[in-house]
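Everything on this sheet refers to the single structure shown next.
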Amino acid sequence: MIVKKYSQKTLEKKIQLKGIGLHSGEQIQIILKPAEKDEGFVFVRTDINPHHRIPALANLVSKTDRGTTISKEGIEIKTTEHILAALVGCGLNNCIIETSGCEIPIMDGSSIKFVEAIQKAGVKEQDDLQEVFDVQDIIRVSDEKTGSELMIIPDTETSITVMIDFETQVLGTQNAMLNKIEDFKSEIAHCRTFGFLDELEKLLDQDLIKGGDLNNAIVYVDKPLAKSNMERLKKTFKKDDIDVKKNGILNNLTLRHPNEAARHKLLDVLGDLALIGMPIKGRIIANRPGHKINTDFAKKLSSIIKNKKKSNAPIIDLTKPPVMDVNQLMDMLPHRPPFLLVDKVLELSDTHVIGLKNVTMNEPFFKGHFPGAPVMPGVLQIEAMAQAGGVLVLSTVPDPENYLTFFMKIDNFKFKRPVFPGDTIIFKIELLTKIRRGICNVRGYAYVNGQVVSEGDLMAQIVKRQ
């Protein structure tokens, strides 16, 4: 289910950073800029004329070896995961990322430099509310060849659990947890990328890590290191001495956590899932994650979200007691039969309400609309939505019985299917902006059997009774 939960956020001011590209070895400048509402995360290649925009979306993933690459019209942005994890971890929803090269700089191999810059620049709230994918069913992607699996299960909050096992003595089996996104800055952001020495040597052979440094990657040594390779590594990393210490890490790099590798894999999962295009609410469990399965999972979730957006019909359980029955509704709303057009409220939060209307042949309007072919008037569907929206706005005041709700504007209404006697209409009303001075902007949907019958935008204001 897609719901609107909280205010969108972007940067307070722009940020400028410089660093080395891991694979190109080139000096790259990036500028993070505030973005408009609903813009999401967008990369901009400023080294190309005209500048080329590449939205951070899963369907644009083109490569997943040695990082996540996205491309549009043949133009690439490489190693996107660390900066995207920083943006999500800092609670941002909208940001422009300008880059002077084809990859995001590696910095220290983690997200911490980006996080610190974002904190220094500040985060500001935007007027519009953010869509969130509230997971209702278990969703899973697996790879039999690698044993990798990602799944998400319904939960009241967003959390991530990662388990890794490279079947090597030096690294072993590790796991890491992020119980809430707000902990990313303190628990995950500073955890650096890692690899094994044999992988490093292959990359050196292919001339693919010109920006590599022992300060931006943990290198595990799971095989004896030949003297010739020692000399090569000294030259590559500009070190007078290369050694493997007791912890099995090249040059005795000090770990920030005993499970830093698992924590970094969690960082990658968060960054890759940012490509879904909206936050997700649920418990994510990743076993042996990697950029390929991470982005496959993001693509699957994106496809599910796209299909849900076409209808986005709420999933309801009619066996549960309603939040408000018809008597409680009459305590709040001034409407009375036959003009009370909502029978129950099934869900109610600060940002949305779900109501129900049973349409029967006893409705008085069917006598004239139309004899022999009864159809519920569209204007009454709008009125029923407005009454459900009235519950949403009146729930913000302590004495709703002392207020009236008045229409101010109706926009973009569409009627897609007729409503007949015997139908049950489910109304879903979502806030578009925060309620201010009693003025409420909402988007309303009416569903019958999971299909949209009408939808549109409403504006109303509550006024105290004289």
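Please note that chains go A, B, ... in the order of the structure tokens, that every chain numbers its residues from 1, and that ligands are numbered from 1 in the order shown.
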What are the nearest atom pairs, with distances in Å to one decimal, for all residues of region 51-84 of chain A that come at most 8 Å from region 285-307 of chain A, using only C-alpha atoms, set out by chain and rising residue number as JSON lines?
```
{"residue": "A:Ala58", "atom": "CA", "partner": "A:Lys299", "partner_atom": "CA", "distance": 5.3}
{"residue": "A:Asn59", "atom": "CA", "partner": "A:Lys299", "partner_atom": "CA", "distance": 6.3}
{"residue": "A:Val61", "atom": "CA", "partner": "A:Thr295", "partner_atom": "CA", "distance": 7.4}
{"residue": "A:Thr64", "atom": "CA", "partner": "A:Lys292", "partner_atom": "CA", "distance": 5.3}
{"residue": "A:Asp65", "atom": "CA", "partner": "A:His291", "partner_atom": "CA", "distance": 7.4}
{"residue": "A:Gly67", "atom": "CA", "partner": "A:His291", "partner_atom": "CA", "distance": 6.4}
{"residue": "A:Thr68", "atom": "CA", "partner": "A:His291", "partner_atom": "CA", "distance": 6.1}
```
Export of prior selection with N, CA and C atoms as a CSV table (one decimal), in the first residue's frame:
```
chain,number,residue,atom,x,y,z
A,58,ALA,N,15.8,2.4,-10.4
A,58,ALA,CA,16.2,1.0,-10.6
A,58,ALA,C,16.2,0.6,-12.0
A,59,ASN,N,15.3,1.1,-12.8
A,59,ASN,CA,15.2,0.7,-14.2
A,59,ASN,C,16.3,1.3,-15.1
A,61,VAL,N,19.6,1.0,-14.0
A,61,VAL,CA,20.8,0.3,-13.6
A,61,VAL,C,21.3,-0.4,-14.9
A,64,THR,N,26.6,-3.8,-12.4
A,64,THR,CA,26.6,-4.0,-11.0
A,64,THR,C,27.9,-4.6,-10.6
A,65,ASP,N,28.9,-4.6,-11.4
A,65,ASP,CA,30.2,-5.1,-11.0
A,65,ASP,C,31.0,-4.0,-10.4
A,67,GLY,N,30.4,-2.1,-8.0
A,67,GLY,CA,29.5,-0.9,-7.7
A,67,GLY,C,28.3,-0.9,-8.5
A,68,THR,N,27.4,0.1,-8.2
A,68,THR,CA,26.2,0.2,-9.0
A,68,THR,C,26.3,1.4,-10.0
```
Fill in: Residue contacts of Leu431 (chain A) (6 Å, only C-alpha atoms) excluding same-chain residues fewer than 5 positions away, as a list in words
Thr351, Asn441 and Val442 of chain A
Output for the residues just chosen: C-alpha atoms as a CSV table (one decimal), in the first residue's frame:
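So selection.csv came out as:
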```csv
chain,number,residue,atom,x,y,z
A,351,THR,CA,-2.2,12.1,6.9
A,441,ASN,CA,-5.7,19.9,0.6
A,442,VAL,CA,-6.4,16.2,-0.2
```
Worksheet item: What does the distance between CA of Leu273 (chain A) and CA of Arg140 (chain A) come to in Å, to one decimal place?
Response: 13.7 Å
Practice prompt. Show which residues sit within 8 Å of Ile70 (chain A), as a ChimeraX atom specification. Count only C-alpha atoms, and ignore same-chain residues fewer than 2 positions away.
Written response: /A:54,56-57,60-63,68,72,76-78,80
May I have the residues from that selection written out with N, CA and C atoms, as an mmCIF file, in the first residue's frame?
```
data_model
loop_
_atom_site.group_PDB
_atom_site.id
_atom_site.type_symbol
_atom_site.label_atom_id
_atom_site.label_comp_id
_atom_site.auth_asym_id
_atom_site.auth_seq_id
_atom_site.Cartn_x
_atom_site.Cartn_y
_atom_site.Cartn_z
ATOM 1 N N ILE A 54 20.380 12.162 -14.975
ATOM 2 C CA ILE A 54 20.127 10.728 -14.838
ATOM 3 C C ILE A 54 19.412 10.494 -13.505
ATOM 4 N N ALA A 56 17.947 8.728 -10.275
ATOM 5 C CA ALA A 56 18.384 7.553 -9.514
ATOM 6 C C ALA A 56 17.219 6.581 -9.414
ATOM 7 N N LEU A 57 17.037 5.761 -10.445
ATOM 8 C CA LEU A 57 15.922 4.822 -10.519
ATOM 9 C C LEU A 57 16.425 3.447 -10.926
ATOM 10 N N LEU A 60 17.148 2.143 -14.502
ATOM 11 C CA LEU A 60 18.287 2.703 -15.228
ATOM 12 C C LEU A 60 19.611 2.044 -14.836
ATOM 13 N N VAL A 61 19.565 1.015 -13.990
ATOM 14 C CA VAL A 61 20.789 0.296 -13.620
ATOM 15 C C VAL A 61 21.343 -0.420 -14.855
ATOM 16 N N SER A 62 22.621 -0.191 -15.153
ATOM 17 C CA SER A 62 23.233 -0.792 -16.339
ATOM 18 C C SER A 62 24.352 -1.766 -15.994
ATOM 19 N N LYS A 63 25.020 -1.578 -14.843
ATOM 20 C CA LYS A 63 26.103 -2.470 -14.428
ATOM 21 C C LYS A 63 26.094 -2.602 -12.912
ATOM 22 N N THR A 68 27.417 0.070 -8.231
ATOM 23 C CA THR A 68 26.174 0.207 -8.996
ATOM 24 C C THR A 68 26.292 1.373 -9.962
ATOM 25 N N LYS A 72 21.672 6.608 -18.697
ATOM 26 C CA LYS A 72 20.539 7.052 -19.510
ATOM 27 C C LYS A 72 21.083 7.593 -20.823
ATOM 28 N N GLU A 76 26.765 7.440 -18.321
ATOM 29 C CA GLU A 76 26.808 6.681 -17.082
ATOM 30 C C GLU A 76 27.163 7.531 -15.866
ATOM 31 N N ILE A 77 26.706 7.034 -14.702
ATOM 32 C CA ILE A 77 27.210 7.463 -13.392
ATOM 33 C C ILE A 77 27.550 6.185 -12.624
ATOM 34 N N LYS A 78 28.820 6.062 -12.212
ATOM 35 C CA LYS A 78 29.278 4.862 -11.527
ATOM 36 C C LYS A 78 29.355 5.083 -10.015
ATOM 37 N N THR A 80 27.298 4.707 -7.355
ATOM 38 C CA THR A 80 26.264 5.612 -6.825
ATOM 39 C C THR A 80 25.835 5.260 -5.408
#
```
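If only C-alpha atoms are the atoms counted, then among A:Glu12, A:Glu81, A:Glu347, A:Glu39 the closest residue to Glu103 (chain A) is A:Glu81.
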Discussion item. What's around Gln381 (chain A) at 10 Å? Count only C-alpha atoms, leave out sequence neighbours fewer than 3 positions away in its own chain, and write the answer as an MDAnalysis selection string.
Written reply: chainID A and resid 341 357 376:378 384:387 415 419 425 427 445:446 453:455
Can I get the selected residues back with C-alpha atoms, as a PDB file, in the first residue's frame?
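Listed below is the output, part-v2.pdb:
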```pdb
ATOM      1  CA  LEU A 341     -22.700   9.301   2.782  1.00  0.00           C
ATOM      2  CA  LYS A 357     -20.070   3.424   1.953  1.00  0.00           C
ATOM      3  CA  MET A 376     -24.881   6.738  -8.191  1.00  0.00           C
ATOM      4  CA  PRO A 377     -24.370  10.393  -9.209  1.00  0.00           C
ATOM      5  CA  GLY A 378     -20.733  11.458  -9.503  1.00  0.00           C
ATOM      6  CA  ALA A 384     -18.865  11.258   0.163  1.00  0.00           C
ATOM      7  CA  MET A 385     -15.115  11.785  -0.334  1.00  0.00           C
ATOM      8  CA  ALA A 386     -15.456  15.252   1.169  1.00  0.00           C
ATOM      9  CA  GLN A 387     -17.232  13.849   4.221  1.00  0.00           C
ATOM     10  CA  PHE A 415     -15.062   9.301 -13.155  1.00  0.00           C
ATOM     11  CA  VAL A 419     -21.338   2.785  -9.214  1.00  0.00           C
ATOM     12  CA  ILE A 425     -17.245   1.973  -2.051  1.00  0.00           C
ATOM     13  CA  PHE A 427     -12.783   5.918   0.030  1.00  0.00           C
ATOM     14  CA  TYR A 445      -9.902   7.984  -4.426  1.00  0.00           C
ATOM     15  CA  ALA A 446     -13.053   5.855  -4.573  1.00  0.00           C
ATOM     16  CA  VAL A 453     -14.291   4.492  -9.856  1.00  0.00           C
ATOM     17  CA  SER A 454     -13.475   8.172  -9.258  1.00  0.00           C
ATOM     18  CA  GLU A 455     -10.556  10.314  -8.122  1.00  0.00           C
TER      19      GLU A 455
END
```
Practice prompt. May I ask for the distance between CA of Ile30 (chain A) and CA of Cys95 (chain A), given in Å to one decimal place?
Written response: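 CA of Cys95 (chain A) lies 12.3 Å from CA of Ile30 (chain A).
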So that each row is one residue of region 80-112 of chain A with an atom at most 10 Å from region 186-198 of chain A, can you give its shortest atom pair and the distance in Å to one decimal, using only C-alpha atoms, rows by chain and rising number, as a Markdown table?
```
| residue | atom | partner | partner_atom | distance |
| --- | --- | --- | --- | --- |
| A:His82 | CA | A:Ala189 | CA | 8.7 |
| A:Ala85 | CA | A:Ala189 | CA | 8.1 |
| A:Ala86 | CA | A:Ala189 | CA | 7.0 |
| A:Gly89 | CA | A:Ala189 | CA | 8.0 |
| A:Cys90 | CA | A:Ala189 | CA | 9.9 |
| A:Ile106 | CA | A:Thr193 | CA | 9.4 |
| A:Met107 | CA | A:Arg192 | CA | 9.8 |
| A:Asp108 | CA | A:Arg192 | CA | 6.9 |
| A:Gly109 | CA | A:Arg192 | CA | 4.7 |
| A:Ser110 | CA | A:Arg192 | CA | 4.4 |
| A:Ser111 | CA | A:Ala189 | CA | 4.9 |
| A:Ile112 | CA | A:His190 | CA | 4.8 |
```
Go ahead and write the residues just picked, N, CA and C atoms, as a PDB file, in the first residue's frame.
```
ATOM      1  N   HIS A  82      27.105   4.735  -2.293  1.00  0.00           N
ATOM      2  CA  HIS A  82      27.504   5.352  -1.022  1.00  0.00           C
ATOM      3  C   HIS A  82      26.829   6.707  -0.809  1.00  0.00           C
ATOM      4  N   ALA A  85      23.087   6.149  -0.135  1.00  0.00           N
ATOM      5  CA  ALA A  85      22.873   5.702   1.248  1.00  0.00           C
ATOM      6  C   ALA A  85      22.933   6.885   2.201  1.00  0.00           C
ATOM      7  N   ALA A  86      23.862   7.819   1.961  1.00  0.00           N
ATOM      8  CA  ALA A  86      23.975   9.003   2.816  1.00  0.00           C
ATOM      9  C   ALA A  86      22.721   9.863   2.739  1.00  0.00           C
ATOM     10  N   GLY A  89      19.965   7.951   4.490  1.00  0.00           N
ATOM     11  CA  GLY A  89      20.267   7.882   5.911  1.00  0.00           C
ATOM     12  C   GLY A  89      20.082   9.193   6.636  1.00  0.00           C
ATOM     13  N   CYS A  90      20.186  10.299   5.912  1.00  0.00           N
ATOM     14  CA  CYS A  90      19.961  11.628   6.498  1.00  0.00           C
ATOM     15  C   CYS A  90      18.512  12.089   6.355  1.00  0.00           C
ATOM     16  N   ILE A 106      35.271   8.153  -4.251  1.00  0.00           N
ATOM     17  CA  ILE A 106      35.232   7.096  -3.251  1.00  0.00           C
ATOM     18  C   ILE A 106      35.379   7.636  -1.831  1.00  0.00           C
ATOM     19  N   MET A 107      35.940   8.833  -1.672  1.00  0.00           N
ATOM     20  CA  MET A 107      36.196   9.449  -0.364  1.00  0.00           C
ATOM     21  C   MET A 107      36.983   8.465   0.510  1.00  0.00           C
ATOM     22  N   ASP A 108      36.499   8.119   1.712  1.00  0.00           N
ATOM     23  CA  ASP A 108      37.247   7.163   2.551  1.00  0.00           C
ATOM     24  C   ASP A 108      36.714   5.741   2.411  1.00  0.00           C
ATOM     25  N   GLY A 109      35.863   5.494   1.395  1.00  0.00           N
ATOM     26  CA  GLY A 109      35.302   4.166   1.187  1.00  0.00           C
ATOM     27  C   GLY A 109      33.990   3.932   1.895  1.00  0.00           C
ATOM     28  N   SER A 110      33.481   4.977   2.579  1.00  0.00           N
ATOM     29  CA  SER A 110      32.207   4.865   3.293  1.00  0.00           C
ATOM     30  C   SER A 110      31.305   6.026   2.869  1.00  0.00           C
ATOM     31  N   SER A 111      30.262   6.264   3.661  1.00  0.00           N
ATOM     32  CA  SER A 111      29.342   7.383   3.396  1.00  0.00           C
ATOM     33  C   SER A 111      29.558   8.556   4.338  1.00  0.00           C
ATOM     34  N   ILE A 112      30.498   8.449   5.256  1.00  0.00           N
ATOM     35  CA  ILE A 112      30.558   9.418   6.349  1.00  0.00           C
ATOM     36  C   ILE A 112      30.874  10.835   5.877  1.00  0.00           C
TER      37      ILE A 112
END
```
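Picture a line from CA of Pro337 (chain A) to CA of Pro400 (chain A); it runs 18.9 Å.
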Worksheet item: Can you tell me, as a list of chain:residue names, what residues are no more than 6 Å from Val359 (chain A) when counting only C-alpha atoms, ignoring any on the same chain fewer than 2 positions away?
Response: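 My reading of the contact set: A:Pro421, A:Gly422, A:Asp423, A:Thr424.
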May I have the residues within 8 Å of Ile2 (chain A) as a CSV table (one decimal) with C-alpha atoms, in the first residue's frame, using only C-alpha atoms and disregarding those fewer than 4 positions away in the same chain?
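After the write, selection_25.csv holds the following:
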```
chain,number,residue,atom,x,y,z
A,131,GLU,CA,4.8,8.8,-0.5
A,132,VAL,CA,5.9,5.6,1.3
A,133,PHE,CA,5.5,2.0,0.2
A,134,ASP,CA,4.0,0.3,3.2
A,305,ILE,CA,4.9,0.0,-6.7
A,308,LYS,CA,-0.1,-0.5,-7.1
A,309,LYS,CA,0.0,3.1,-8.2
A,312,ASN,CA,-3.4,1.7,-5.0
```
Worksheet entry | Spatial neighbours of Ile31 (chain A), 7 Å, only C-alpha atoms, chain gap at least 4 places, as JSON, numbers by chain | {"A": [14, 15, 16, 17, 97, 98, 99]}
Fill in: alpha helix (DSSP H) call set, DSSP backbone run, region 265-425 of chain A, as a PyMOL selection string
chain A and resi 265-273+291-311+326-332+378-394
Residue selection dump (C-alpha atoms) as an mmCIF file, in the first residue's frame:
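Result saved to result28.cif:
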```cif
data_model
loop_
_atom_site.group_PDB
_atom_site.id
_atom_site.type_symbol
_atom_site.label_atom_id
_atom_site.label_comp_id
_atom_site.auth_asym_id
_atom_site.auth_seq_id
_atom_site.Cartn_x
_atom_site.Cartn_y
_atom_site.Cartn_z
ATOM 1 C CA LYS A 265 27.163 -4.434 3.042
ATOM 2 C CA LEU A 266 24.158 -2.990 4.881
ATOM 3 C CA LEU A 267 25.210 0.478 3.705
ATOM 4 C CA ASP A 268 25.263 -0.828 0.125
ATOM 5 C CA VAL A 269 21.793 -2.357 0.522
ATOM 6 C CA LEU A 270 20.385 0.959 1.731
ATOM 7 C CA GLY A 271 22.036 2.870 -1.116
ATOM 8 C CA ASP A 272 20.932 0.434 -3.820
ATOM 9 C CA LEU A 273 17.338 0.333 -2.533
ATOM 10 C CA HIS A 291 24.870 -4.989 -5.984
ATOM 11 C CA LYS A 292 23.326 -7.395 -8.524
ATOM 12 C CA ILE A 293 20.718 -8.884 -6.196
ATOM 13 C CA ASN A 294 20.210 -5.540 -4.403
ATOM 14 C CA THR A 295 19.254 -3.826 -7.648
ATOM 15 C CA ASP A 296 17.205 -6.827 -8.839
ATOM 16 C CA PHE A 297 15.237 -6.474 -5.608
ATOM 17 C CA ALA A 298 14.882 -2.722 -6.190
ATOM 18 C CA LYS A 299 13.565 -3.406 -9.700
ATOM 19 C CA LYS A 300 11.012 -5.898 -8.381
ATOM 20 C CA LEU A 301 9.795 -3.487 -5.693
ATOM 21 C CA SER A 302 9.642 -0.665 -8.266
ATOM 22 C CA SER A 303 7.478 -2.829 -10.528
ATOM 23 C CA ILE A 304 5.142 -3.698 -7.639
ATOM 24 C CA ILE A 305 4.871 -0.017 -6.691
ATOM 25 C CA LYS A 306 4.133 0.947 -10.305
ATOM 26 C CA ASN A 307 1.302 -1.578 -10.478
ATOM 27 C CA LYS A 308 -0.063 -0.491 -7.105
ATOM 28 C CA LYS A 309 -0.038 3.147 -8.196
ATOM 29 C CA LYS A 310 -2.377 2.256 -11.035
ATOM 30 C CA SER A 311 -5.038 1.370 -8.489
ATOM 31 C CA VAL A 326 -21.985 5.554 11.933
ATOM 32 C CA ASN A 327 -22.946 6.855 15.389
ATOM 33 C CA GLN A 328 -19.420 8.076 16.065
ATOM 34 C CA LEU A 329 -19.401 9.697 12.630
ATOM 35 C CA MET A 330 -22.563 11.636 13.495
ATOM 36 C CA ASP A 331 -20.885 12.814 16.693
ATOM 37 C CA MET A 332 -18.171 14.417 14.555
ATOM 38 C CA GLY A 378 -20.733 11.458 -9.503
ATOM 39 C CA VAL A 379 -21.388 14.587 -7.497
ATOM 40 C CA LEU A 380 -22.460 12.440 -4.537
ATOM 41 C CA GLN A 381 -19.251 10.408 -4.830
ATOM 42 C CA ILE A 382 -17.398 13.714 -4.466
ATOM 43 C CA GLU A 383 -19.581 14.621 -1.478
ATOM 44 C CA ALA A 384 -18.865 11.258 0.163
ATOM 45 C CA MET A 385 -15.115 11.785 -0.334
ATOM 46 C CA ALA A 386 -15.456 15.252 1.169
ATOM 47 C CA GLN A 387 -17.232 13.849 4.221
ATOM 48 C CA ALA A 388 -14.440 11.290 4.699
ATOM 49 C CA GLY A 389 -11.925 14.120 4.299
ATOM 50 C CA GLY A 390 -13.908 16.077 6.880
ATOM 51 C CA VAL A 391 -13.199 13.323 9.404
ATOM 52 C CA LEU A 392 -9.480 13.727 8.657
ATOM 53 C CA VAL A 393 -9.393 17.487 9.234
ATOM 54 C CA LEU A 394 -11.865 17.535 12.135
#
```
Worksheet entry | Residue with smallest distance to Ile83 (chain A) - pool A:Lys124, A:Lys113, A:Lys464, A:His257, counting only C-alpha atoms |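 Of all the options, A:Lys113 lies closest to Ile83 (chain A).
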Worksheet entry | Counting only C-alpha atoms, the residue of A:Asp325, A:Leu22, A:Lys145, A:Leu92 that sits nearest Leu346 (chain A) |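 When distances to Leu346 (chain A) are compared using only C-alpha atoms, the smallest one comes from A:Asp325.
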Worksheet item: Out of region 37-272 of chain A, which residues get strand (DSSP E or B) from DSSP, as a ChimeraX atom specification?
Response: /A:41-45,52-55,61-63,69-72,75-78,95-99,103,123-134,139-143,148-153,159-165,173-178,194-196,218-220,244,249-250
